[in-house]
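Source file: target-v8.cif. Holds: mmCIF, C-alpha atoms.
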```cif
data_start
#
loop_
_atom_site.label_atom_id
_atom_site.label_comp_id
_atom_site.auth_asym_id
_atom_site.auth_seq_id
_atom_site.Cartn_x
_atom_site.Cartn_y
_atom_site.Cartn_z
CA MET A 1 57.80 -33.99 4.25
CA ASP A 2 55.55 -36.55 2.58
CA ALA A 3 54.50 -37.92 5.96
CA THR A 4 53.62 -34.40 7.11
CA LEU A 5 51.54 -33.73 4.01
CA GLN A 6 49.76 -37.05 4.37
CA ALA A 7 48.99 -36.32 8.00
CA ALA A 8 47.65 -32.87 7.11
CA GLY A 9 45.52 -34.32 4.32
CA ALA A 10 44.14 -36.96 6.63
CA GLY A 11 43.30 -34.28 9.21
CA HIS A 12 41.46 -32.18 6.61
CA LEU A 13 39.59 -35.28 5.45
CA ARG A 14 38.50 -36.11 8.99
CA THR A 15 37.41 -32.50 9.55
CA ALA A 16 35.41 -32.45 6.31
CA THR A 17 33.80 -35.78 7.17
CA ALA A 18 32.84 -34.51 10.63
CA LEU A 19 31.36 -31.36 9.10
CA ARG A 20 29.29 -33.38 6.63
CA ARG A 21 27.98 -35.60 9.40
CA ARG A 22 27.08 -32.60 11.54
CA ARG A 23 25.30 -30.96 8.62
CA ARG A 24 23.36 -34.15 7.92
CA ARG A 25 22.31 -34.38 11.58
CA THR A 26 21.27 -30.73 11.59
CA ASP A 27 19.35 -31.19 8.34
CA ARG A 28 17.54 -34.24 9.68
CA MET A 29 16.67 -32.44 12.90
CA ALA A 30 15.34 -29.40 11.02
CA ARG A 31 13.34 -31.64 8.69
CA LEU A 32 11.92 -33.55 11.66
CA LEU A 33 10.89 -30.30 13.39
CA ALA A 34 9.29 -29.06 10.16
CA TRP A 35 7.31 -32.29 9.82
CA LEU A 36 6.21 -32.10 13.45
CA ALA A 37 5.09 -28.48 13.06
CA THR A 38 3.17 -29.41 9.90
CA LEU A 39 1.46 -32.32 11.62
CA VAL A 40 0.47 -30.14 14.59
CA ALA A 41 -0.98 -27.47 12.27
CA LEU A 42 -2.85 -30.09 10.24
CA ALA A 43 -4.18 -31.68 13.43
CA PHE A 44 -5.61 -28.34 14.61
CA LEU A 45 -7.07 -27.65 11.16
CA ALA A 46 -8.60 -31.12 10.95
CA SER A 47 -10.11 -30.79 14.42
CA ILE A 48 -11.72 -27.47 13.46
CA LEU A 49 -13.13 -28.88 10.22
CA VAL A 50 -14.42 -32.04 11.91
CA THR A 51 -16.09 -29.97 14.64
CA LEU A 52 -17.73 -27.69 12.09
CA LEU A 53 -18.97 -30.63 10.04
CA TYR A 54 -20.22 -32.52 13.11
CA LEU A 55 -22.11 -29.55 14.56
CA GLY A 56 -22.97 -27.62 11.40
CA VAL A 57 -24.18 -30.27 8.95
CA PRO A 58 -27.32 -31.20 11.02
CA GLY A 59 -28.56 -27.63 10.54
CA LEU A 60 -28.10 -27.58 6.76
CA LYS A 61 -31.73 -27.47 5.70
CA PRO A 62 -33.50 -25.63 2.86
CA ALA A 63 -35.00 -23.25 5.41
CA VAL A 64 -31.53 -21.94 6.23
CA PHE A 65 -31.26 -20.50 2.71
CA THR A 66 -34.89 -19.42 2.27
CA THR A 67 -35.98 -18.06 5.67
CA VAL A 68 -34.85 -14.93 7.47
CA THR A 69 -33.68 -14.90 11.07
CA LYS A 70 -36.59 -15.15 13.49
CA ALA A 71 -37.32 -15.37 17.19
CA PRO A 72 -36.16 -18.51 19.05
CA GLY A 73 -38.26 -21.55 18.26
CA SER A 74 -39.79 -19.98 15.13
CA GLY A 75 -37.77 -21.99 12.61
CA GLY A 76 -35.73 -19.10 11.30
CA GLY A 77 -32.88 -19.30 8.82
CA LEU A 78 -29.95 -17.28 7.55
CA ALA A 79 -31.26 -16.02 4.22
CA ASN A 80 -31.04 -12.34 5.11
CA ALA A 81 -27.62 -12.81 6.69
CA ILE A 82 -26.30 -14.63 3.61
CA VAL A 83 -27.62 -11.93 1.29
CA GLY A 84 -26.20 -9.20 3.52
CA SER A 85 -22.76 -10.84 3.60
CA LEU A 86 -22.73 -11.28 -0.18
CA VAL A 87 -23.78 -7.68 -0.78
CA GLN A 88 -21.35 -6.10 1.67
CA THR A 89 -18.42 -8.35 0.74
CA GLY A 90 -19.07 -7.90 -2.97
CA LEU A 91 -19.44 -4.13 -2.71
CA GLY A 92 -16.39 -3.81 -0.47
CA THR A 93 -14.32 -5.84 -2.93
CA LEU A 94 -15.70 -3.87 -5.88
CA VAL A 95 -14.70 -0.56 -4.26
CA GLY A 96 -11.40 -1.63 -2.76
CA THR A 97 -10.01 -3.57 -5.73
CA PRO A 98 -9.56 -0.71 -8.27
CA ILE A 99 -8.11 1.56 -5.57
CA GLY A 100 -5.66 -1.15 -4.51
CA ILE A 101 -4.67 -1.91 -8.11
CA MET A 102 -4.03 1.76 -8.89
CA VAL A 103 -1.97 2.28 -5.74
CA GLY A 104 0.00 -0.93 -6.35
CA THR A 105 0.61 0.16 -9.95
CA TYR A 106 1.93 3.52 -8.77
CA LEU A 107 4.29 1.84 -6.31
CA ALA A 108 5.59 -0.67 -8.86
CA GLU A 109 5.79 1.51 -11.97
CA TYR A 110 6.25 5.12 -10.87
CA ALA A 111 7.21 5.51 -7.21
CA GLY A 112 10.47 3.56 -7.10
CA THR A 113 12.34 4.49 -3.93
CA SER A 114 10.93 8.01 -3.66
CA ALA A 115 9.89 9.44 -0.32
CA LEU A 116 6.22 9.45 -1.31
CA GLY A 117 6.42 5.82 -2.47
CA ASN A 118 8.05 4.73 0.77
CA ALA A 119 5.40 6.59 2.76
CA VAL A 120 2.59 4.94 0.80
CA ARG A 121 4.18 1.50 1.32
CA PHE A 122 4.51 2.20 5.03
CA VAL A 123 0.85 3.20 5.37
CA SER A 124 -0.23 0.19 3.31
CA ASP A 125 1.77 -2.15 5.54
CA ILE A 126 0.20 -0.60 8.63
CA LEU A 127 -3.30 -1.10 7.20
CA LEU A 128 -2.40 -4.67 6.25
CA SER A 129 -1.51 -5.56 9.84
CA ALA A 130 -3.98 -3.30 11.66
CA PRO A 131 -6.72 -5.01 13.73
CA SER A 132 -9.98 -4.95 11.83
CA ILE A 133 -11.84 -3.58 14.85
CA LEU A 134 -9.90 -0.33 14.48
CA ILE A 135 -11.16 -0.01 10.92
CA GLY A 136 -14.69 -0.52 12.24
CA LEU A 137 -14.24 2.20 14.85
CA PHE A 138 -12.84 4.55 12.22
CA ILE A 139 -15.82 4.06 9.90
CA TYR A 140 -18.14 4.42 12.89
CA GLN A 141 -16.72 7.87 13.60
CA VAL A 142 -16.64 8.90 9.94
CA LEU A 143 -19.92 7.50 8.58
CA VAL A 144 -22.14 5.94 11.24
CA SER A 145 -22.05 8.60 13.93
CA PRO A 146 -22.37 11.67 11.64
CA LEU A 147 -25.15 10.07 9.56
CA GLY A 148 -27.03 8.95 12.64
CA GLY A 149 -27.36 5.22 12.07
CA PHE A 150 -25.85 1.92 11.04
CA SER A 151 -25.97 1.01 7.36
CA GLY A 152 -24.81 -1.49 4.81
CA TRP A 153 -22.84 1.29 3.12
CA ALA A 154 -20.75 1.72 6.24
CA GLY A 155 -20.13 -2.02 6.45
CA ALA A 156 -19.06 -2.15 2.81
CA ALA A 157 -16.74 0.85 3.37
CA ALA A 158 -15.05 -0.91 6.29
CA LEU A 159 -14.54 -4.07 4.23
CA ALA A 160 -13.22 -2.00 1.30
CA ILE A 161 -10.52 -0.51 3.54
CA LEU A 162 -9.49 -4.04 4.54
CA VAL A 163 -9.36 -5.09 0.87
CA ILE A 164 -7.15 -2.22 -0.30
CA PRO A 165 -3.80 -3.08 1.37
CA ILE A 166 -4.01 -6.74 0.34
CA VAL A 167 -4.59 -5.80 -3.30
CA VAL A 168 -1.87 -3.13 -3.11
CA ARG A 169 0.74 -5.61 -1.91
CA THR A 170 -0.27 -8.27 -4.44
CA THR A 171 -0.37 -5.82 -7.36
CA GLU A 172 3.03 -4.35 -6.56
CA ASP A 173 4.65 -7.76 -6.16
CA MET A 174 3.12 -9.15 -9.35
CA LEU A 175 4.08 -6.14 -11.48
CA ARG A 176 7.64 -6.24 -10.18
CA LEU A 177 7.91 -9.81 -11.46
CA ILE A 178 7.25 -8.67 -15.05
CA PRO A 179 10.58 -8.57 -16.97
CA ILE A 180 11.87 -5.11 -17.87
CA SER A 181 12.40 -6.33 -21.42
CA LEU A 182 8.63 -6.49 -21.99
CA ARG A 183 8.24 -2.86 -21.02
CA GLU A 184 11.22 -1.81 -23.13
CA ALA A 185 9.90 -3.69 -26.17
CA SER A 186 6.51 -2.01 -25.87
CA ILE A 187 7.99 1.47 -25.42
CA ALA A 188 10.39 0.86 -28.32
CA LEU A 189 7.38 0.23 -30.57
CA GLY A 190 6.04 3.66 -29.66
CA ALA A 191 3.46 2.73 -27.02
CA PRO A 192 3.04 5.27 -24.21
CA ARG A 193 3.74 4.14 -20.70
CA TRP A 194 0.10 3.81 -19.67
CA ARG A 195 -0.61 1.54 -22.63
CA THR A 196 2.40 -0.59 -21.72
CA ILE A 197 1.10 -0.99 -18.18
CA VAL A 198 -2.51 -1.70 -19.16
CA PHE A 199 -2.01 -3.93 -22.19
CA ILE A 200 1.34 -5.59 -21.39
CA CYS A 201 1.98 -5.60 -17.64
CA TYR A 202 -1.60 -6.16 -16.50
CA ARG A 203 -2.11 -8.91 -19.04
CA ALA A 204 1.11 -10.67 -18.00
CA ALA A 205 0.24 -10.39 -14.29
CA LEU A 206 -3.49 -11.10 -14.67
CA ASP A 207 -3.53 -14.41 -12.80
CA GLY A 208 -1.58 -12.94 -9.91
CA LEU A 209 -3.87 -9.92 -9.70
CA LEU A 210 -6.97 -12.12 -9.68
CA THR A 211 -5.40 -14.27 -6.98
CA GLY A 212 -4.82 -11.21 -4.81
CA VAL A 213 -8.43 -10.09 -5.24
CA LEU A 214 -9.74 -13.54 -4.33
CA LEU A 215 -7.51 -13.72 -1.25
CA ALA A 216 -8.70 -10.26 -0.18
CA MET A 217 -12.31 -11.36 -0.61
CA ALA A 218 -11.64 -14.47 1.47
CA ARG A 219 -10.09 -12.30 4.18
CA VAL A 220 -13.02 -9.90 4.53
CA ALA A 221 -15.77 -12.50 4.11
CA GLY A 222 -15.40 -13.69 7.69
CA GLU A 223 -14.81 -10.34 9.39
CA THR A 224 -17.08 -9.64 12.35
CA ALA A 225 -15.61 -6.78 14.37
CA PRO A 226 -15.83 -4.02 11.72
CA LEU A 227 -19.43 -4.95 10.89
CA LEU A 228 -20.49 -4.71 14.54
CA PHE A 229 -19.64 -1.00 14.46
CA THR A 230 -20.94 -0.27 10.96
CA SER A 231 -23.84 -2.40 9.65
CA LEU A 232 -24.68 -4.01 13.03
CA GLY A 233 -27.38 -6.45 11.89
CA ASN A 234 -31.02 -6.86 10.98
CA SER A 235 -33.63 -9.58 11.46
CA ASP A 236 -35.02 -9.12 7.94
CA TYR A 237 -33.95 -8.17 4.44
CA SER A 238 -32.82 -4.56 4.26
CA GLY A 239 -31.24 -2.08 1.89
CA LEU A 240 -27.80 -0.56 2.10
CA GLY A 241 -29.21 2.58 3.68
CA SER A 242 -30.20 0.83 6.92
CA ALA A 243 -28.71 -1.72 9.30
CA MET A 244 -27.90 -4.88 7.35
CA SER A 245 -27.45 -8.43 8.58
CA SER A 246 -24.40 -10.59 7.85
CA VAL A 247 -23.40 -14.15 8.61
CA PRO A 248 -20.39 -13.32 10.86
CA VAL A 249 -22.44 -10.94 13.03
CA THR A 250 -25.28 -13.47 13.24
CA ILE A 251 -22.81 -16.13 14.37
CA TYR A 252 -21.47 -13.74 17.01
CA GLN A 253 -24.99 -13.01 18.29
CA TYR A 254 -26.29 -16.59 18.21
CA ALA A 255 -23.25 -18.59 19.35
CA ALA A 256 -23.61 -17.65 23.02
CA SER A 257 -27.41 -17.83 23.01
CA ALA A 258 -29.37 -19.91 25.49
CA PHE A 259 -31.62 -21.23 22.70
CA ASP A 260 -30.62 -24.44 20.96
CA ASP A 261 -31.98 -23.48 17.54
CA TRP A 262 -29.96 -20.24 17.52
CA VAL A 263 -26.81 -22.09 18.55
CA GLN A 264 -27.44 -24.58 15.74
CA LEU A 265 -27.81 -21.70 13.26
CA ALA A 266 -24.53 -20.26 14.52
CA TRP A 267 -22.71 -23.54 13.82
CA THR A 268 -24.36 -23.83 10.41
CA GLY A 269 -23.37 -20.26 9.56
CA ALA A 270 -19.80 -20.96 10.63
CA LEU A 271 -19.74 -24.00 8.36
CA LEU A 272 -21.10 -21.97 5.43
CA ILE A 273 -18.47 -19.26 5.88
CA THR A 274 -15.71 -21.86 6.14
CA LEU A 275 -16.86 -23.60 2.97
CA GLY A 276 -17.13 -20.27 1.17
CA VAL A 277 -13.66 -19.12 2.19
CA LEU A 278 -12.29 -22.56 1.31
CA ALA A 279 -13.85 -22.31 -2.15
CA ILE A 280 -12.33 -18.86 -2.69
CA ASN A 281 -8.88 -20.08 -1.61
CA VAL A 282 -9.13 -23.13 -3.88
CA ALA A 283 -9.99 -20.80 -6.76
CA ALA A 284 -6.99 -18.62 -5.91
CA ARG A 285 -4.68 -21.67 -5.83
CA PHE A 286 -6.12 -22.73 -9.17
CA PHE A 287 -5.09 -19.41 -10.71
CA ILE A 288 -1.62 -19.72 -9.17
CA ARG A 289 -1.19 -23.22 -10.55
CA ARG A 290 -2.31 -22.09 -14.00
CA ARG A 291 0.30 -19.36 -13.87
#
```

Can I see the file as structure tokens?
Amino acid sequence: MDATLQAAGAGHLRTATALRRRRRRTDRMARLLAWLATLVALAFLASILVTLLYLGVPGLKPAVFTTVTKAPGSGGGLANAIVGSLVQTGLGTLVGTPIGIMVGTYLAEYAGTSALGNAVRFVSDILLSAPSILIGLFIYQVLVSPLGGFSGWAGAAALAILVIPIVVRTTEDMLRLIPISLREASIALGAPRWRTIVFICYRAALDGLLTGVLLAMARVAGETAPLLFTSLGNSDYSGLGSAMSSVPVTIYQYAASAFDDWVQLAWTGALLITLGVLAINVAARFFIRRR
């Protein structure tokens, strides 16, 4: 009997040892594949950044920021395109952010698992993954075509629609992370629900909400397709009521040009957008780290 038990124990020990070895091999293989994938992604990212720096830095001159786009060989810059991008991106973010926060608040605090809440989440997820060119076509049919012309308002509206689902998802996720005990304590002190949400939940999730807004701004700052169907572009400064230039559209128009100075402006504009988006993402990571 003792010999049988010893043999069984030895068999279990060998089996456990074999399982541990197999798990270690599997873990090492998965870790190796993860490192390889990371290195490949970093290599592609580094190559893009090096290319942008190599081709974009030579065009970084004061005239780029002070001169509007001009005819080939006239020494034009990107001043009007930069202003147009800032105006349209800022206005789109300003319009889309409160709508996204209110919808995300409804989903997190009131909707629960109701049919309406699930429908709103489904629509928000569709907008989040929808190609931006479809948003541009939608705004073209709703605003540009009926009003008879391209405009900065239409471009800002398209960007606002792209901002909304990102802010909705971030707001809902951040509010769901707030402990129920905070809400219960506030309500127990006699505060109505809206005060609890505004003064307790929003304050506790402030860094996360700001991060979502910054990420949404970074997403729409480089969009080209929706602006081609809405604000189109302009070779000079313009108001929101007429066609308005933007850096992404200027890059699209100049990149395939036969004129060297326009191609150089396209590379410089691409570098400026990359640096701007990078700065926004660094700011978002800063808020996350603070939290």

Margin query: I'd like to know which of A:Tyr252, A:Gly155, A:Phe286, A:Glu172 is closest to Ala111 in chain A, using only C-alpha atoms.
Written below: A:Glu172

Next item on the list: Give the answer as one residue: which of A:Ser238, A:Ser114, A:Thr171, A:Thr67 has the shortest atom-to-atom distance to Pro98 in chain A, using all atoms listed in the file?
Entry: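 Counting all atoms listed in the file, the residue closest to Pro98 in chain A is A:Thr171.
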
Item checked: Separation of CA of Ile164 in chain A from CA of Leu127 in chain A in Å -> 8.5 Å

Check: Given the file above and the PyMOL selection byres ((chain A and resi 269) around 9), which residues are selected, and can you give them as a PyMOL selection string?
Finding: chain A and resi 56+64+78+82+247-248+250-251+264-268+270-274

Please produce an output containing C-alpha atoms for each residue in the selection, written as a short mmCIF file (atom, residue, chain, number, x, y, z; two decimals), in the coordinates of the input.
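The resulting file, part05.cif, is shown below:
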```cif
data_model
loop_
_atom_site.label_atom_id
_atom_site.label_comp_id
_atom_site.auth_asym_id
_atom_site.auth_seq_id
_atom_site.Cartn_x
_atom_site.Cartn_y
_atom_site.Cartn_z
CA GLY A 56 -22.97 -27.62 11.40
CA VAL A 64 -31.53 -21.94 6.23
CA LEU A 78 -29.95 -17.28 7.55
CA ILE A 82 -26.30 -14.63 3.61
CA VAL A 247 -23.40 -14.15 8.61
CA PRO A 248 -20.39 -13.32 10.86
CA THR A 250 -25.28 -13.47 13.24
CA ILE A 251 -22.81 -16.13 14.37
CA GLN A 264 -27.44 -24.58 15.74
CA LEU A 265 -27.81 -21.70 13.26
CA ALA A 266 -24.53 -20.26 14.52
CA TRP A 267 -22.71 -23.54 13.82
CA THR A 268 -24.36 -23.83 10.41
CA ALA A 270 -19.80 -20.96 10.63
CA LEU A 271 -19.74 -24.00 8.36
CA LEU A 272 -21.10 -21.97 5.43
CA ILE A 273 -18.47 -19.26 5.88
CA THR A 274 -15.71 -21.86 6.14
#
```

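Nearest to Gly152 in chain A of all the residues A:Pro62, A:Ser85, A:Val220, A:Gly276 is A:Ser85, counting all atoms listed in the file.
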
Margin query: Report, in Å to a single decimal, how far apart CA of Ile161 in chain A and CA of Leu240 in chain A are.
Written below: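 Value for the CA of Leu240 in chain A-CA of Ile161 in chain A distance: 17.3 Å.
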
With 8 Å on each side, where is the centre of the axis-aligned box around all listed atoms of range 147-164 of chain A, and how long are its edges in Å to one decimal, as JSON?
```
{"center_x": -17.3, "center_y": 2.5, "center_z": 6.2, "size_x": 36.2, "size_y": 31.2, "size_z": 28.9}
```

Checklist line | Interatomic distance (Å, one decimal) between CA of Val277 in chain A and CA of Thr230 in chain A | finding: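 Between CA of Val277 in chain A and CA of Thr230 in chain A the gap is 22.0 Å.
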
Note to self: Quick one: residues within 8 Å of Thr93 in chain A, all atoms listed in the file, excluding same-chain residues fewer than 5 positions away - as number ranges by chain?
What the structure shows: A: 159-160, 163, 213, 216-217

Next, the residues of the selection above should be written as a PDB file, in the coordinates of the input with C-alpha atoms.
```
ATOM      1  CA  LEU A 159     -14.540  -4.070   4.230  1.00  0.00           C
ATOM      2  CA  ALA A 160     -13.220  -2.000   1.300  1.00  0.00           C
ATOM      3  CA  VAL A 163      -9.360  -5.090   0.870  1.00  0.00           C
ATOM      4  CA  VAL A 213      -8.430 -10.090  -5.240  1.00  0.00           C
ATOM      5  CA  ALA A 216      -8.700 -10.260  -0.180  1.00  0.00           C
ATOM      6  CA  MET A 217     -12.310 -11.360  -0.610  1.00  0.00           C
TER       7      MET A 217
END
```

Note to self: Under the rule that only C-alpha atoms are counted, which of A:Ala205, A:Ile280, A:Leu210, A:Ala34 is the nearest residue to Asp173 in chain A?
What the structure shows: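 Once distances to Asp173 in chain A are computed over only C-alpha atoms, the minimum belongs to A:Ala205.
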
Item checked: Shortest interatomic distance to Leu175 in chain A - which of A:Tyr140, A:Tyr54, A:Phe229, A:Tyr110, counting all atoms listed in the file -> A:Tyr110

Note to self: My list of candidates is A:Thr17, A:Asn80, A:Ser145, A:Thr97. Which is closest to Thr66 in chain A when distances are computed with all atoms listed in the file?
What the structure shows: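 Closest candidate: A:Asn80.
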
May I ask you to restore N, CA and C atoms in range 24-50 of chain A and write the result as a PDB file, in the frame of the given file?
```pdb
ATOM      1  N   ARG A  24      24.436 -33.180   8.143  1.00  0.00           N
ATOM      2  CA  ARG A  24      23.360 -34.150   7.920  1.00  0.00           C
ATOM      3  C   ARG A  24      22.472 -34.256   9.156  1.00  0.00           C
ATOM      4  N   ARG A  25      23.106 -34.304  10.347  1.00  0.00           N
ATOM      5  CA  ARG A  25      22.310 -34.380  11.580  1.00  0.00           C
ATOM      6  C   ARG A  25      21.445 -33.139  11.747  1.00  0.00           C
ATOM      7  N   THR A  26      22.038 -31.975  11.479  1.00  0.00           N
ATOM      8  CA  THR A  26      21.270 -30.730  11.590  1.00  0.00           C
ATOM      9  C   THR A  26      20.120 -30.694  10.597  1.00  0.00           C
ATOM     10  N   ASP A  27      20.395 -31.156   9.363  1.00  0.00           N
ATOM     11  CA  ASP A  27      19.350 -31.190   8.340  1.00  0.00           C
ATOM     12  C   ASP A  27      18.223 -32.131   8.744  1.00  0.00           C
ATOM     13  N   ARG A  28      18.570 -33.291   9.258  1.00  0.00           N
ATOM     14  CA  ARG A  28      17.540 -34.240   9.680  1.00  0.00           C
ATOM     15  C   ARG A  28      16.723 -33.688  10.836  1.00  0.00           C
ATOM     16  N   MET A  29      17.403 -33.028  11.771  1.00  0.00           N
ATOM     17  CA  MET A  29      16.670 -32.440  12.900  1.00  0.00           C
ATOM     18  C   MET A  29      15.718 -31.338  12.438  1.00  0.00           C
ATOM     19  N   ALA A  30      16.208 -30.465  11.531  1.00  0.00           N
ATOM     20  CA  ALA A  30      15.340 -29.400  11.020  1.00  0.00           C
ATOM     21  C   ALA A  30      14.167 -29.976  10.239  1.00  0.00           C
ATOM     22  N   ARG A  31      14.425 -31.018   9.445  1.00  0.00           N
ATOM     23  CA  ARG A  31      13.340 -31.640   8.690  1.00  0.00           C
ATOM     24  C   ARG A  31      12.325 -32.285   9.623  1.00  0.00           C
ATOM     25  N   LEU A  32      12.820 -32.923  10.699  1.00  0.00           N
ATOM     26  CA  LEU A  32      11.920 -33.550  11.660  1.00  0.00           C
ATOM     27  C   LEU A  32      11.043 -32.493  12.344  1.00  0.00           C
ATOM     28  N   LEU A  33      11.653 -31.368  12.742  1.00  0.00           N
ATOM     29  CA  LEU A  33      10.890 -30.300  13.390  1.00  0.00           C
ATOM     30  C   LEU A  33       9.855 -29.714  12.428  1.00  0.00           C
ATOM     31  N   ALA A  34      10.238 -29.576  11.153  1.00  0.00           N
ATOM     32  CA  ALA A  34       9.290 -29.060  10.160  1.00  0.00           C
ATOM     33  C   ALA A  34       8.104 -30.008   9.996  1.00  0.00           C
ATOM     34  N   TRP A  35       8.394 -31.310   9.941  1.00  0.00           N
ATOM     35  CA  TRP A  35       7.310 -32.290   9.820  1.00  0.00           C
ATOM     36  C   TRP A  35       6.402 -32.254  11.047  1.00  0.00           C
ATOM     37  N   LEU A  36       7.007 -32.148  12.230  1.00  0.00           N
ATOM     38  CA  LEU A  36       6.210 -32.100  13.450  1.00  0.00           C
ATOM     39  C   LEU A  36       5.313 -30.859  13.482  1.00  0.00           C
ATOM     40  N   ALA A  37       5.886 -29.712  13.098  1.00  0.00           N
ATOM     41  CA  ALA A  37       5.090 -28.480  13.060  1.00  0.00           C
ATOM     42  C   ALA A  37       3.939 -28.609  12.063  1.00  0.00           C
ATOM     43  N   THR A  38       4.217 -29.210  10.906  1.00  0.00           N
ATOM     44  CA  THR A  38       3.170 -29.410   9.900  1.00  0.00           C
ATOM     45  C   THR A  38       2.066 -30.309  10.420  1.00  0.00           C
ATOM     46  N   LEU A  39       2.454 -31.385  11.089  1.00  0.00           N
ATOM     47  CA  LEU A  39       1.460 -32.320  11.620  1.00  0.00           C
ATOM     48  C   LEU A  39       0.601 -31.658  12.701  1.00  0.00           C
ATOM     49  N   VAL A  40       1.241 -30.847  13.547  1.00  0.00           N
ATOM     50  CA  VAL A  40       0.470 -30.140  14.590  1.00  0.00           C
ATOM     51  C   VAL A  40      -0.527 -29.185  13.951  1.00  0.00           C
ATOM     52  N   ALA A  41      -0.072 -28.408  12.937  1.00  0.00           N
ATOM     53  CA  ALA A  41      -0.980 -27.470  12.270  1.00  0.00           C
ATOM     54  C   ALA A  41      -2.124 -28.213  11.577  1.00  0.00           C
ATOM     55  N   LEU A  42      -1.810 -29.319  10.905  1.00  0.00           N
ATOM     56  CA  LEU A  42      -2.850 -30.090  10.240  1.00  0.00           C
ATOM     57  C   LEU A  42      -3.826 -30.708  11.242  1.00  0.00           C
ATOM     58  N   ALA A  43      -3.305 -31.108  12.407  1.00  0.00           N
ATOM     59  CA  ALA A  43      -4.180 -31.680  13.430  1.00  0.00           C
ATOM     60  C   ALA A  43      -5.179 -30.639  13.928  1.00  0.00           C
ATOM     61  N   PHE A  44      -4.693 -29.408  14.182  1.00  0.00           N
ATOM     62  CA  PHE A  44      -5.610 -28.340  14.610  1.00  0.00           C
ATOM     63  C   PHE A  44      -6.625 -28.031  13.512  1.00  0.00           C
ATOM     64  N   LEU A  45      -6.157 -27.947  12.265  1.00  0.00           N
ATOM     65  CA  LEU A  45      -7.070 -27.650  11.160  1.00  0.00           C
ATOM     66  C   LEU A  45      -8.109 -28.758  11.003  1.00  0.00           C
ATOM     67  N   ALA A  46      -7.662 -30.001  11.083  1.00  0.00           N
ATOM     68  CA  ALA A  46      -8.600 -31.120  10.950  1.00  0.00           C
ATOM     69  C   ALA A  46      -9.617 -31.121  12.078  1.00  0.00           C
ATOM     70  N   SER A  47      -9.169 -30.813  13.298  1.00  0.00           N
ATOM     71  CA  SER A  47     -10.110 -30.790  14.420  1.00  0.00           C
ATOM     72  C   SER A  47     -11.164 -29.705  14.236  1.00  0.00           C
ATOM     73  N   ILE A  48     -10.745 -28.543  13.706  1.00  0.00           N
ATOM     74  CA  ILE A  48     -11.720 -27.470  13.460  1.00  0.00           C
ATOM     75  C   ILE A  48     -12.725 -27.889  12.400  1.00  0.00           C
ATOM     76  N   LEU A  49     -12.239 -28.469  11.301  1.00  0.00           N
ATOM     77  CA  LEU A  49     -13.130 -28.880  10.220  1.00  0.00           C
ATOM     78  C   LEU A  49     -14.083 -29.986  10.674  1.00  0.00           C
ATOM     79  N   VAL A  50     -13.567 -30.949  11.433  1.00  0.00           N
ATOM     80  CA  VAL A  50     -14.420 -32.040  11.910  1.00  0.00           C
ATOM     81  C   VAL A  50     -15.494 -31.504  12.852  1.00  0.00           C
TER      82      VAL A  50
END
```
